[in-house]
file protein.txt (compact mmCIF, N, CA and C atoms)
# COMPACT_ATOMS: atom_id res chain seq x y z
N MET A 1 86.90 193.80 -12.58
CA MET A 1 86.61 193.09 -13.79
C MET A 1 87.88 192.94 -14.61
N TYR A 2 88.16 191.73 -15.02
CA TYR A 2 89.36 191.45 -15.82
C TYR A 2 89.16 192.00 -17.23
N LEU A 3 90.11 192.80 -17.68
CA LEU A 3 90.02 193.42 -19.00
C LEU A 3 91.09 192.92 -19.95
N GLY A 4 91.79 191.88 -19.56
CA GLY A 4 92.88 191.36 -20.39
C GLY A 4 92.38 190.52 -21.55
N THR A 5 93.31 189.88 -22.21
CA THR A 5 92.98 189.12 -23.42
C THR A 5 93.02 187.60 -23.21
N ARG A 6 93.48 187.15 -22.05
CA ARG A 6 93.52 185.71 -21.81
C ARG A 6 92.12 185.14 -21.65
N LYS A 7 91.96 183.91 -22.06
CA LYS A 7 90.70 183.20 -21.84
C LYS A 7 90.72 182.67 -20.41
N ILE A 8 89.69 182.97 -19.65
CA ILE A 8 89.58 182.52 -18.26
C ILE A 8 88.71 181.27 -18.22
N PHE A 9 89.26 180.20 -17.63
CA PHE A 9 88.56 178.91 -17.58
C PHE A 9 87.24 179.02 -16.82
N ASN A 10 87.29 179.65 -15.64
CA ASN A 10 86.10 179.79 -14.82
C ASN A 10 85.95 181.28 -14.46
N PRO A 11 85.30 182.07 -15.31
CA PRO A 11 85.23 183.52 -15.08
C PRO A 11 84.60 183.92 -13.76
N GLU A 12 83.58 183.20 -13.32
CA GLU A 12 82.90 183.56 -12.07
C GLU A 12 83.84 183.38 -10.87
N GLN A 13 84.52 182.23 -10.84
CA GLN A 13 85.46 181.97 -9.74
C GLN A 13 86.64 182.94 -9.80
N SER A 14 87.11 183.19 -11.00
CA SER A 14 88.22 184.12 -11.19
C SER A 14 87.85 185.51 -10.67
N GLU A 15 86.66 185.97 -10.99
CA GLU A 15 86.22 187.29 -10.53
C GLU A 15 86.05 187.33 -9.01
N ALA A 16 85.56 186.26 -8.43
CA ALA A 16 85.42 186.19 -6.97
C ALA A 16 86.80 186.25 -6.31
N ASN A 17 87.76 185.51 -6.85
CA ASN A 17 89.13 185.54 -6.31
C ASN A 17 89.74 186.93 -6.48
N ARG A 18 89.51 187.53 -7.63
CA ARG A 18 90.04 188.86 -7.91
C ARG A 18 89.51 189.87 -6.89
N GLU A 19 88.22 189.81 -6.62
CA GLU A 19 87.60 190.74 -5.67
C GLU A 19 88.23 190.62 -4.28
N LYS A 20 88.58 189.40 -3.87
CA LYS A 20 89.23 189.20 -2.57
C LYS A 20 90.63 189.83 -2.57
N VAL A 21 91.37 189.61 -3.66
CA VAL A 21 92.76 190.07 -3.74
C VAL A 21 92.84 191.59 -3.73
N ILE A 22 91.94 192.27 -4.45
CA ILE A 22 92.07 193.72 -4.62
C ILE A 22 91.50 194.53 -3.47
N ARG A 23 91.04 193.87 -2.42
CA ARG A 23 90.53 194.61 -1.25
C ARG A 23 91.63 195.37 -0.53
N GLU A 24 92.84 194.84 -0.56
CA GLU A 24 93.98 195.49 0.08
C GLU A 24 94.89 196.06 -0.99
N LYS A 25 95.55 197.16 -0.67
CA LYS A 25 96.41 197.84 -1.64
C LYS A 25 97.48 196.92 -2.22
N SER A 26 98.13 196.13 -1.36
CA SER A 26 99.19 195.26 -1.87
C SER A 26 98.64 194.26 -2.88
N GLY A 27 97.47 193.74 -2.63
CA GLY A 27 96.84 192.81 -3.57
C GLY A 27 96.41 193.49 -4.85
N ALA A 28 95.89 194.71 -4.72
CA ALA A 28 95.46 195.45 -5.90
C ALA A 28 96.64 195.76 -6.81
N VAL A 29 97.78 196.13 -6.22
CA VAL A 29 98.98 196.41 -7.01
C VAL A 29 99.48 195.14 -7.67
N TRP A 30 99.62 194.10 -6.89
CA TRP A 30 100.09 192.82 -7.43
C TRP A 30 99.18 192.37 -8.58
N ASN A 31 97.86 192.45 -8.37
CA ASN A 31 96.90 192.03 -9.38
C ASN A 31 97.01 192.88 -10.64
N ALA A 32 97.25 194.17 -10.49
CA ALA A 32 97.38 195.04 -11.66
C ALA A 32 98.52 194.57 -12.54
N PHE A 33 99.65 194.25 -11.95
CA PHE A 33 100.79 193.80 -12.75
C PHE A 33 100.53 192.42 -13.37
N VAL A 34 99.82 191.55 -12.67
CA VAL A 34 99.47 190.24 -13.23
C VAL A 34 98.54 190.43 -14.42
N GLU A 35 97.50 191.23 -14.25
CA GLU A 35 96.51 191.40 -15.31
C GLU A 35 97.03 192.22 -16.49
N LEU A 36 97.98 193.08 -16.26
CA LEU A 36 98.55 193.85 -17.36
C LEU A 36 99.53 193.02 -18.18
N GLU A 37 99.83 191.82 -17.71
CA GLU A 37 100.55 190.81 -18.47
C GLU A 37 101.83 191.33 -19.13
N GLY A 38 102.66 192.01 -18.36
CA GLY A 38 103.94 192.45 -18.88
C GLY A 38 103.89 193.73 -19.71
N LEU A 39 102.75 194.37 -19.78
CA LEU A 39 102.63 195.60 -20.57
C LEU A 39 103.26 196.81 -19.88
N ILE A 40 103.38 196.75 -18.57
CA ILE A 40 103.95 197.85 -17.81
C ILE A 40 105.34 197.43 -17.35
N ASN A 41 106.33 198.26 -17.63
CA ASN A 41 107.71 197.97 -17.29
C ASN A 41 108.00 198.44 -15.87
N LYS A 42 108.16 197.49 -14.97
CA LYS A 42 108.40 197.81 -13.56
C LYS A 42 109.71 198.57 -13.35
N THR A 43 110.71 198.23 -14.13
CA THR A 43 112.00 198.92 -14.01
C THR A 43 111.83 200.40 -14.32
N GLN A 44 111.11 200.71 -15.38
CA GLN A 44 110.92 202.10 -15.76
C GLN A 44 110.03 202.86 -14.79
N ILE A 45 109.04 202.20 -14.23
CA ILE A 45 108.21 202.85 -13.20
C ILE A 45 109.09 203.17 -12.00
N ALA A 46 109.90 202.21 -11.57
CA ALA A 46 110.79 202.44 -10.42
C ALA A 46 111.71 203.62 -10.68
N GLU A 47 112.33 203.67 -11.85
CA GLU A 47 113.29 204.72 -12.16
C GLU A 47 112.63 206.07 -12.43
N GLN A 48 111.61 206.09 -13.30
CA GLN A 48 111.02 207.35 -13.73
C GLN A 48 110.11 208.00 -12.68
N TYR A 49 109.38 207.19 -11.95
CA TYR A 49 108.39 207.76 -11.03
C TYR A 49 108.85 207.76 -9.57
N PHE A 50 109.78 206.88 -9.24
CA PHE A 50 110.25 206.80 -7.85
C PHE A 50 111.72 207.17 -7.70
N GLY A 51 112.45 207.20 -8.80
CA GLY A 51 113.88 207.46 -8.71
C GLY A 51 114.62 206.36 -7.97
N ARG A 52 114.11 205.14 -8.08
CA ARG A 52 114.70 203.99 -7.36
C ARG A 52 115.01 202.88 -8.36
N SER A 53 115.61 201.82 -7.84
CA SER A 53 115.99 200.69 -8.68
C SER A 53 114.83 199.70 -8.84
N GLN A 54 114.99 198.85 -9.84
CA GLN A 54 114.00 197.79 -10.05
C GLN A 54 114.00 196.83 -8.87
N ALA A 55 115.16 196.60 -8.27
CA ALA A 55 115.24 195.70 -7.11
C ALA A 55 114.42 196.26 -5.95
N TRP A 56 114.55 197.56 -5.69
CA TRP A 56 113.77 198.20 -4.63
C TRP A 56 112.28 198.02 -4.89
N PHE A 57 111.88 198.27 -6.13
CA PHE A 57 110.47 198.17 -6.49
C PHE A 57 109.97 196.73 -6.33
N SER A 58 110.73 195.77 -6.82
CA SER A 58 110.33 194.37 -6.73
C SER A 58 110.24 193.88 -5.29
N GLN A 59 111.16 194.32 -4.44
CA GLN A 59 111.11 193.93 -3.04
C GLN A 59 109.82 194.42 -2.40
N LYS A 60 109.42 195.64 -2.71
CA LYS A 60 108.17 196.20 -2.16
C LYS A 60 106.96 195.48 -2.76
N LEU A 61 106.98 195.29 -4.07
CA LEU A 61 105.86 194.66 -4.77
C LEU A 61 105.62 193.24 -4.27
N ASN A 62 106.70 192.50 -4.06
CA ASN A 62 106.58 191.10 -3.67
C ASN A 62 106.61 190.86 -2.16
N GLY A 63 106.73 191.93 -1.37
CA GLY A 63 106.73 191.78 0.09
C GLY A 63 107.90 190.99 0.62
N CYS A 64 109.06 191.18 0.01
CA CYS A 64 110.25 190.45 0.45
C CYS A 64 110.65 190.85 1.86
N THR A 65 111.32 189.95 2.55
CA THR A 65 111.85 190.24 3.87
C THR A 65 113.32 190.61 3.72
N LEU A 66 113.68 191.75 4.27
CA LEU A 66 115.04 192.25 4.19
C LEU A 66 115.43 192.73 5.57
N HIS A 67 116.49 192.19 6.13
CA HIS A 67 116.93 192.52 7.49
C HIS A 67 115.80 192.30 8.49
N ASN A 68 115.13 191.16 8.36
CA ASN A 68 114.03 190.76 9.24
C ASN A 68 112.85 191.71 9.21
N LYS A 69 112.69 192.46 8.12
CA LYS A 69 111.56 193.38 7.99
C LYS A 69 110.92 193.17 6.63
N ARG A 70 109.60 192.97 6.65
CA ARG A 70 108.86 192.79 5.39
C ARG A 70 108.81 194.13 4.66
N GLN A 71 109.18 194.10 3.40
CA GLN A 71 109.17 195.31 2.58
C GLN A 71 107.76 195.54 2.03
N ALA A 72 107.30 196.76 2.08
CA ALA A 72 105.98 197.10 1.56
C ALA A 72 105.98 198.56 1.18
N PHE A 73 105.09 198.91 0.26
CA PHE A 73 104.94 200.31 -0.11
C PHE A 73 104.29 201.07 1.04
N SER A 74 104.69 202.31 1.21
CA SER A 74 104.03 203.19 2.18
C SER A 74 102.75 203.73 1.54
N GLU A 75 101.92 204.36 2.33
CA GLU A 75 100.70 204.95 1.80
C GLU A 75 101.03 205.96 0.70
N GLU A 76 102.05 206.78 0.92
CA GLU A 76 102.45 207.77 -0.09
C GLU A 76 102.97 207.08 -1.36
N GLU A 77 103.69 205.97 -1.21
CA GLU A 77 104.19 205.25 -2.39
C GLU A 77 103.05 204.62 -3.17
N TYR A 78 102.03 204.12 -2.46
CA TYR A 78 100.84 203.61 -3.16
C TYR A 78 100.18 204.72 -3.97
N ARG A 79 100.06 205.90 -3.39
CA ARG A 79 99.48 207.05 -4.10
C ARG A 79 100.32 207.39 -5.33
N LYS A 80 101.63 207.40 -5.16
CA LYS A 80 102.53 207.72 -6.26
C LYS A 80 102.41 206.67 -7.37
N LEU A 81 102.28 205.41 -7.00
CA LEU A 81 102.13 204.36 -7.99
C LEU A 81 100.81 204.51 -8.75
N ALA A 82 99.75 204.79 -8.05
CA ALA A 82 98.45 205.01 -8.71
C ALA A 82 98.54 206.19 -9.67
N GLU A 83 99.20 207.25 -9.24
CA GLU A 83 99.38 208.42 -10.11
C GLU A 83 100.24 208.09 -11.32
N SER A 84 101.25 207.24 -11.14
CA SER A 84 102.08 206.86 -12.28
C SER A 84 101.25 206.09 -13.30
N PHE A 85 100.34 205.23 -12.85
CA PHE A 85 99.45 204.52 -13.77
C PHE A 85 98.56 205.51 -14.51
N ARG A 86 98.03 206.50 -13.78
CA ARG A 86 97.19 207.51 -14.42
C ARG A 86 97.98 208.32 -15.45
N HIS A 87 99.21 208.65 -15.12
CA HIS A 87 100.05 209.41 -16.05
C HIS A 87 100.35 208.59 -17.30
N ILE A 88 100.66 207.31 -17.12
CA ILE A 88 100.90 206.43 -18.26
C ILE A 88 99.64 206.32 -19.11
N ALA A 89 98.48 206.22 -18.47
CA ALA A 89 97.21 206.15 -19.22
C ALA A 89 96.99 207.41 -20.04
N LEU A 90 97.30 208.57 -19.48
CA LEU A 90 97.17 209.82 -20.22
C LEU A 90 98.12 209.84 -21.43
N ARG A 91 99.34 209.40 -21.21
CA ARG A 91 100.31 209.36 -22.30
C ARG A 91 99.85 208.42 -23.41
N LEU A 92 99.36 207.25 -23.04
CA LEU A 92 98.86 206.30 -24.03
C LEU A 92 97.67 206.88 -24.79
N SER A 93 96.77 207.52 -24.08
CA SER A 93 95.61 208.11 -24.71
C SER A 93 96.01 209.21 -25.69
N ALA A 94 96.98 210.03 -25.31
CA ALA A 94 97.45 211.09 -26.21
C ALA A 94 98.07 210.50 -27.47
N HIS A 95 98.84 209.43 -27.33
CA HIS A 95 99.43 208.79 -28.50
C HIS A 95 98.35 208.14 -29.37
N ALA A 96 97.35 207.54 -28.75
CA ALA A 96 96.24 206.95 -29.51
C ALA A 96 95.52 208.03 -30.31
N ASP A 97 95.31 209.19 -29.69
CA ASP A 97 94.67 210.31 -30.40
C ASP A 97 95.51 210.76 -31.59
N GLU A 98 96.84 210.81 -31.42
CA GLU A 98 97.72 211.20 -32.52
C GLU A 98 97.66 210.19 -33.67
N ILE A 99 97.58 208.91 -33.33
CA ILE A 99 97.47 207.87 -34.36
C ILE A 99 96.15 208.04 -35.12
N ASP A 100 95.07 208.24 -34.38
CA ASP A 100 93.76 208.43 -35.02
C ASP A 100 93.75 209.65 -35.93
N ALA A 101 94.43 210.72 -35.53
CA ALA A 101 94.42 211.97 -36.29
C ALA A 101 95.36 211.97 -37.49
N ALA A 102 96.33 211.09 -37.49
CA ALA A 102 97.32 211.06 -38.57
C ALA A 102 96.71 210.52 -39.85
N THR A 103 97.28 210.94 -40.98
CA THR A 103 96.81 210.43 -42.27
C THR A 103 97.52 209.12 -42.57
N MET A 104 96.96 208.40 -43.51
CA MET A 104 97.60 207.16 -43.96
C MET A 104 98.89 207.52 -44.68
N GLU A 105 99.84 206.61 -44.68
CA GLU A 105 101.10 206.84 -45.37
C GLU A 105 100.84 206.99 -46.86
N LEU A 106 101.58 207.90 -47.46
CA LEU A 106 101.47 208.07 -48.90
C LEU A 106 102.26 206.98 -49.62
N PRO A 107 101.78 206.57 -50.78
CA PRO A 107 102.59 205.60 -51.54
C PRO A 107 103.96 206.18 -51.84
N GLN A 108 104.95 205.35 -51.94
CA GLN A 108 106.34 205.76 -52.13
C GLN A 108 106.49 206.69 -53.33
N GLU A 109 105.77 206.46 -54.44
CA GLU A 109 105.93 207.28 -55.63
C GLU A 109 105.36 208.68 -55.45
N ASP A 110 104.52 208.92 -54.42
CA ASP A 110 103.95 210.25 -54.17
C ASP A 110 104.87 211.11 -53.33
N LEU A 111 105.96 210.57 -52.82
CA LEU A 111 106.85 211.35 -51.96
C LEU A 111 107.76 212.24 -52.72
call {"tool": "encode", "arguments": {"input": "protein.txt", "output": "structure tokens"}}
result
Amino acid sequence: MYLGTRKIFNPEQSEANREKVIREKSGAVWNAFVELEGLINKTQIAEQYFGRSQAWFSQKLNGCTLHNKRQAFSEEEYRKLAESFRHIALRLSAHADEIDAATMELPQEDL
């Protein structure tokens, strides 16, 4: 189910296409980045979670051919990517909780 903010012209067809794409890991990963609409920084995921470059990550994500071999994530790399998304979600949730718990800013004269 698409959870983004864009208006979808034909939601039923879009959902049917989405279901086809996410059946395979490569499609599910590609779709996640499309639907997250630039909210997740691929460079930082590559560096922080894989210790690799953005170029390495993009080649795997896009299935580029390098030295006559199609680049793809391994099963372990897919697991690591899923875990990185879960870790980012936990971090976001913790920050959201801190925002909810914080008080409103005091007026300047009260400081």
call {"tool": "residues_around", "arguments": {"input": "protein.txt", "residues": "Leu3 (chain A)", "least_positions_apart": "2", "cutoff": "8 Å", "atoms": "only N, CA and C atoms", "output": "MDAnalysis selection string"}}
result
chainID A and resid 1 5:6 35:36
call {"tool": "axis_aligned_box", "arguments": {"input": "protein.txt", "around": "region 38-56 of chain A", "padding_each_side": "5 Å", "output": "AutoDock Vina command-line options"}}
result
--center_x 109.3 --center_y 200.0 --center_z -12.6 --size_x 23.4 --size_y 26.0 --size_z 25.9
call {"tool": "closest_residue", "arguments": {"input": "protein.txt", "among": "A:Ile45, A:Ala72, A:Ala32, A:Ile22", "to": "Gly4 (chain A)", "atoms": "only C-alpha atoms"}}
result
A:Ala32
call {"tool": "atom_distance", "arguments": {"input": "protein.txt", "atom1": "atom C of Trp56 (chain A)", "atom2": "atom C of Ser93 (chain A)"}}
result
28.7 Å
call {"tool": "select_by_dssp", "arguments": {"input": "protein.txt", "residues": "chain A", "states": "strand (DSSP E or B)", "output": "ChimeraX atom specification"}}
result
/A:65-66,69-70
call {"tool": "atom_distance", "arguments": {"input": "protein.txt", "atom1": "CA of Glu24 (chain A)", "atom2": "CA of Arg86 (chain A)"}}
result
19.1 Å
call {"tool": "closest_residue", "arguments": {"input": "protein.txt", "among": "A:Val34, A:Val29, A:Glu105, A:Gln44", "to": "Arg79 (chain A)", "atoms": "only C-alpha atoms"}}
result
A:Val29
call {"tool": "atom_distance", "arguments": {"input": "protein.txt", "atom1": "atom C of Lys69 (chain A)", "atom2": "CA of Lys20 (chain A)"}}
result
23.9 Å
call {"tool": "select_by_dssp", "arguments": {"input": "protein.txt", "residues": "chain A", "states": "helix (DSSP H, G or I)", "output": "CSV table (one decimal) with N, CA and C atoms, keeping the file's coordinate frame"}}
result
chain,number,residue,atom,x,y,z
A,11,PRO,N,85.3,182.1,-15.3
A,11,PRO,CA,85.2,183.5,-15.1
A,11,PRO,C,84.6,183.9,-13.8
A,12,GLU,N,83.6,183.2,-13.3
A,12,GLU,CA,82.9,183.6,-12.1
A,12,GLU,C,83.8,183.4,-10.9
A,13,GLN,N,84.5,182.2,-10.8
A,13,GLN,CA,85.5,182.0,-9.7
A,13,GLN,C,86.6,182.9,-9.8
A,14,SER,N,87.1,183.2,-11.0
A,14,SER,CA,88.2,184.1,-11.2
A,14,SER,C,87.8,185.5,-10.7
A,15,GLU,N,86.7,186.0,-11.0
A,15,GLU,CA,86.2,187.3,-10.5
A,15,GLU,C,86.0,187.3,-9.0
A,16,ALA,N,85.6,186.3,-8.4
A,16,ALA,CA,85.4,186.2,-7.0
A,16,ALA,C,86.8,186.2,-6.3
A,17,ASN,N,87.8,185.5,-6.8
A,17,ASN,CA,89.1,185.5,-6.3
A,17,ASN,C,89.7,186.9,-6.5
A,18,ARG,N,89.5,187.5,-7.6
A,18,ARG,CA,90.0,188.9,-7.9
A,18,ARG,C,89.5,189.9,-6.9
A,19,GLU,N,88.2,189.8,-6.6
A,19,GLU,CA,87.6,190.7,-5.7
A,19,GLU,C,88.2,190.6,-4.3
A,20,LYS,N,88.6,189.4,-3.9
A,20,LYS,CA,89.2,189.2,-2.6
A,20,LYS,C,90.6,189.8,-2.6
A,21,VAL,N,91.4,189.6,-3.7
A,21,VAL,CA,92.8,190.1,-3.7
A,21,VAL,C,92.8,191.6,-3.7
A,25,LYS,N,95.6,197.2,-0.7
A,25,LYS,CA,96.4,197.8,-1.6
A,25,LYS,C,97.5,196.9,-2.2
A,26,SER,N,98.1,196.1,-1.4
A,26,SER,CA,99.2,195.3,-1.9
A,26,SER,C,98.6,194.3,-2.9
A,27,GLY,N,97.5,193.7,-2.6
A,27,GLY,CA,96.8,192.8,-3.6
A,27,GLY,C,96.4,193.5,-4.8
A,28,ALA,N,95.9,194.7,-4.7
A,28,ALA,CA,95.5,195.4,-5.9
A,28,ALA,C,96.6,195.8,-6.8
A,29,VAL,N,97.8,196.1,-6.2
A,29,VAL,CA,99.0,196.4,-7.0
A,29,VAL,C,99.5,195.1,-7.7
A,30,TRP,N,99.6,194.1,-6.9
A,30,TRP,CA,100.1,192.8,-7.4
A,30,TRP,C,99.2,192.4,-8.6
A,31,ASN,N,97.9,192.4,-8.4
A,31,ASN,CA,96.9,192.0,-9.4
A,31,ASN,C,97.0,192.9,-10.6
A,32,ALA,N,97.2,194.2,-10.5
A,32,ALA,CA,97.4,195.0,-11.7
A,32,ALA,C,98.5,194.6,-12.5
A,33,PHE,N,99.6,194.2,-12.0
A,33,PHE,CA,100.8,193.8,-12.8
A,33,PHE,C,100.5,192.4,-13.4
A,34,VAL,N,99.8,191.6,-12.7
A,34,VAL,CA,99.5,190.2,-13.2
A,34,VAL,C,98.5,190.4,-14.4
A,35,GLU,N,97.5,191.2,-14.2
A,35,GLU,CA,96.5,191.4,-15.3
A,35,GLU,C,97.0,192.2,-16.5
A,42,LYS,N,108.2,197.5,-15.0
A,42,LYS,CA,108.4,197.8,-13.6
A,42,LYS,C,109.7,198.6,-13.4
A,43,THR,N,110.7,198.2,-14.1
A,43,THR,CA,112.0,198.9,-14.0
A,43,THR,C,111.8,200.4,-14.3
A,44,GLN,N,111.1,200.7,-15.4
A,44,GLN,CA,110.9,202.1,-15.8
A,44,GLN,C,110.0,202.9,-14.8
A,45,ILE,N,109.0,202.2,-14.2
A,45,ILE,CA,108.2,202.8,-13.2
A,45,ILE,C,109.1,203.2,-12.0
A,46,ALA,N,109.9,202.2,-11.6
A,46,ALA,CA,110.8,202.4,-10.4
A,46,ALA,C,111.7,203.6,-10.7
A,47,GLU,N,112.3,203.7,-11.8
A,47,GLU,CA,113.3,204.7,-12.2
A,47,GLU,C,112.6,206.1,-12.4
A,48,GLN,N,111.6,206.1,-13.3
A,48,GLN,CA,111.0,207.4,-13.7
A,48,GLN,C,110.1,208.0,-12.7
A,49,TYR,N,109.4,207.2,-12.0
A,49,TYR,CA,108.4,207.8,-11.0
A,49,TYR,C,108.8,207.8,-9.6
A,50,PHE,N,109.8,206.9,-9.2
A,50,PHE,CA,110.2,206.8,-7.8
A,50,PHE,C,111.7,207.2,-7.7
A,54,GLN,N,115.0,198.8,-9.8
A,54,GLN,CA,114.0,197.8,-10.0
A,54,GLN,C,114.0,196.8,-8.9
A,55,ALA,N,115.2,196.6,-8.3
A,55,ALA,CA,115.2,195.7,-7.1
A,55,ALA,C,114.4,196.3,-6.0
A,56,TRP,N,114.6,197.6,-5.7
A,56,TRP,CA,113.8,198.2,-4.6
A,56,TRP,C,112.3,198.0,-4.9
A,57,PHE,N,111.9,198.3,-6.1
A,57,PHE,CA,110.5,198.2,-6.5
A,57,PHE,C,110.0,196.7,-6.3
A,58,SER,N,110.7,195.8,-6.8
A,58,SER,CA,110.3,194.4,-6.7
A,58,SER,C,110.2,193.9,-5.3
A,59,GLN,N,111.2,194.3,-4.4
A,59,GLN,CA,111.1,193.9,-3.0
A,59,GLN,C,109.8,194.4,-2.4
A,60,LYS,N,109.4,195.6,-2.7
A,60,LYS,CA,108.2,196.2,-2.2
A,60,LYS,C,107.0,195.5,-2.8
A,61,LEU,N,107.0,195.3,-4.1
A,61,LEU,CA,105.9,194.7,-4.8
A,61,LEU,C,105.6,193.2,-4.3
A,62,ASN,N,106.7,192.5,-4.1
A,62,ASN,CA,106.6,191.1,-3.7
A,62,ASN,C,106.6,190.9,-2.2
A,75,GLU,N,101.9,204.4,2.3
A,75,GLU,CA,100.7,205.0,1.8
A,75,GLU,C,101.0,206.0,0.7
A,76,GLU,N,102.0,206.8,0.9
A,76,GLU,CA,102.4,207.8,-0.1
A,76,GLU,C,103.0,207.1,-1.4
A,77,GLU,N,103.7,206.0,-1.2
A,77,GLU,CA,104.2,205.2,-2.4
A,77,GLU,C,103.0,204.6,-3.2
A,78,TYR,N,102.0,204.1,-2.5
A,78,TYR,CA,100.8,203.6,-3.2
A,78,TYR,C,100.2,204.7,-4.0
A,79,ARG,N,100.1,205.9,-3.4
A,79,ARG,CA,99.5,207.0,-4.1
A,79,ARG,C,100.3,207.4,-5.3
A,80,LYS,N,101.6,207.4,-5.2
A,80,LYS,CA,102.5,207.7,-6.3
A,80,LYS,C,102.4,206.7,-7.4
A,81,LEU,N,102.3,205.4,-7.0
A,81,LEU,CA,102.1,204.4,-8.0
A,81,LEU,C,100.8,204.5,-8.8
A,82,ALA,N,99.8,204.8,-8.0
A,82,ALA,CA,98.4,205.0,-8.7
A,82,ALA,C,98.5,206.2,-9.7
A,83,GLU,N,99.2,207.2,-9.2
A,83,GLU,CA,99.4,208.4,-10.1
A,83,GLU,C,100.2,208.1,-11.3
A,84,SER,N,101.2,207.2,-11.1
A,84,SER,CA,102.1,206.9,-12.3
A,84,SER,C,101.2,206.1,-13.3
A,85,PHE,N,100.3,205.2,-12.8
A,85,PHE,CA,99.4,204.5,-13.8
A,85,PHE,C,98.6,205.5,-14.5
A,86,ARG,N,98.0,206.5,-13.8
A,86,ARG,CA,97.2,207.5,-14.4
A,86,ARG,C,98.0,208.3,-15.4
A,87,HIS,N,99.2,208.6,-15.1
A,87,HIS,CA,100.0,209.4,-16.0
A,87,HIS,C,100.4,208.6,-17.3
A,88,ILE,N,100.7,207.3,-17.1
A,88,ILE,CA,100.9,206.4,-18.3
A,88,ILE,C,99.6,206.3,-19.1
A,89,ALA,N,98.5,206.2,-18.5
A,89,ALA,CA,97.2,206.2,-19.2
A,89,ALA,C,97.0,207.4,-20.0
A,90,LEU,N,97.3,208.6,-19.5
A,90,LEU,CA,97.2,209.8,-20.2
A,90,LEU,C,98.1,209.8,-21.4
A,91,ARG,N,99.3,209.4,-21.2
A,91,ARG,CA,100.3,209.4,-22.3
A,91,ARG,C,99.8,208.4,-23.4
A,92,LEU,N,99.4,207.2,-23.0
A,92,LEU,CA,98.9,206.3,-24.0
A,92,LEU,C,97.7,206.9,-24.8
A,93,SER,N,96.8,207.5,-24.1
A,93,SER,CA,95.6,208.1,-24.7
A,93,SER,C,96.0,209.2,-25.7
A,94,ALA,N,97.0,210.0,-25.3
A,94,ALA,CA,97.4,211.1,-26.2
A,94,ALA,C,98.1,210.5,-27.5
A,95,HIS,N,98.8,209.4,-27.3
A,95,HIS,CA,99.4,208.8,-28.5
A,95,HIS,C,98.4,208.1,-29.4
A,96,ALA,N,97.4,207.5,-28.8
A,96,ALA,CA,96.2,207.0,-29.5
A,96,ALA,C,95.5,208.0,-30.3
A,97,ASP,N,95.3,209.2,-29.7
A,97,ASP,CA,94.7,210.3,-30.4
A,97,ASP,C,95.5,210.8,-31.6
A,98,GLU,N,96.8,210.8,-31.4
A,98,GLU,CA,97.7,211.2,-32.5
A,98,GLU,C,97.7,210.2,-33.7
A,99,ILE,N,97.6,208.9,-33.3
A,99,ILE,CA,97.5,207.9,-34.4
A,99,ILE,C,96.2,208.0,-35.1
A,100,ASP,N,95.1,208.2,-34.4
A,100,ASP,CA,93.8,208.4,-35.0
A,100,ASP,C,93.8,209.6,-35.9
A,101,ALA,N,94.4,210.7,-35.5
A,101,ALA,CA,94.4,212.0,-36.3
A,101,ALA,C,95.4,212.0,-37.5
A,108,GLN,N,105.0,205.4,-51.9
A,108,GLN,CA,106.3,205.8,-52.1
A,108,GLN,C,106.5,206.7,-53.3
A,109,GLU,N,105.8,206.5,-54.4
A,109,GLU,CA,105.9,207.3,-55.6
A,109,GLU,C,105.4,208.7,-55.4
A,110,ASP,N,104.5,208.9,-54.4
A,110,ASP,CA,104.0,210.2,-54.2
A,110,ASP,C,104.9,211.1,-53.3
call {"tool": "closest_residue", "arguments": {"input": "protein.txt", "among": "A:Asp100, A:Gln108, A:Gln59, A:Tyr78", "to": "Lys25 (chain A)", "atoms": "all atoms listed in the file"}}
result
A:Tyr78
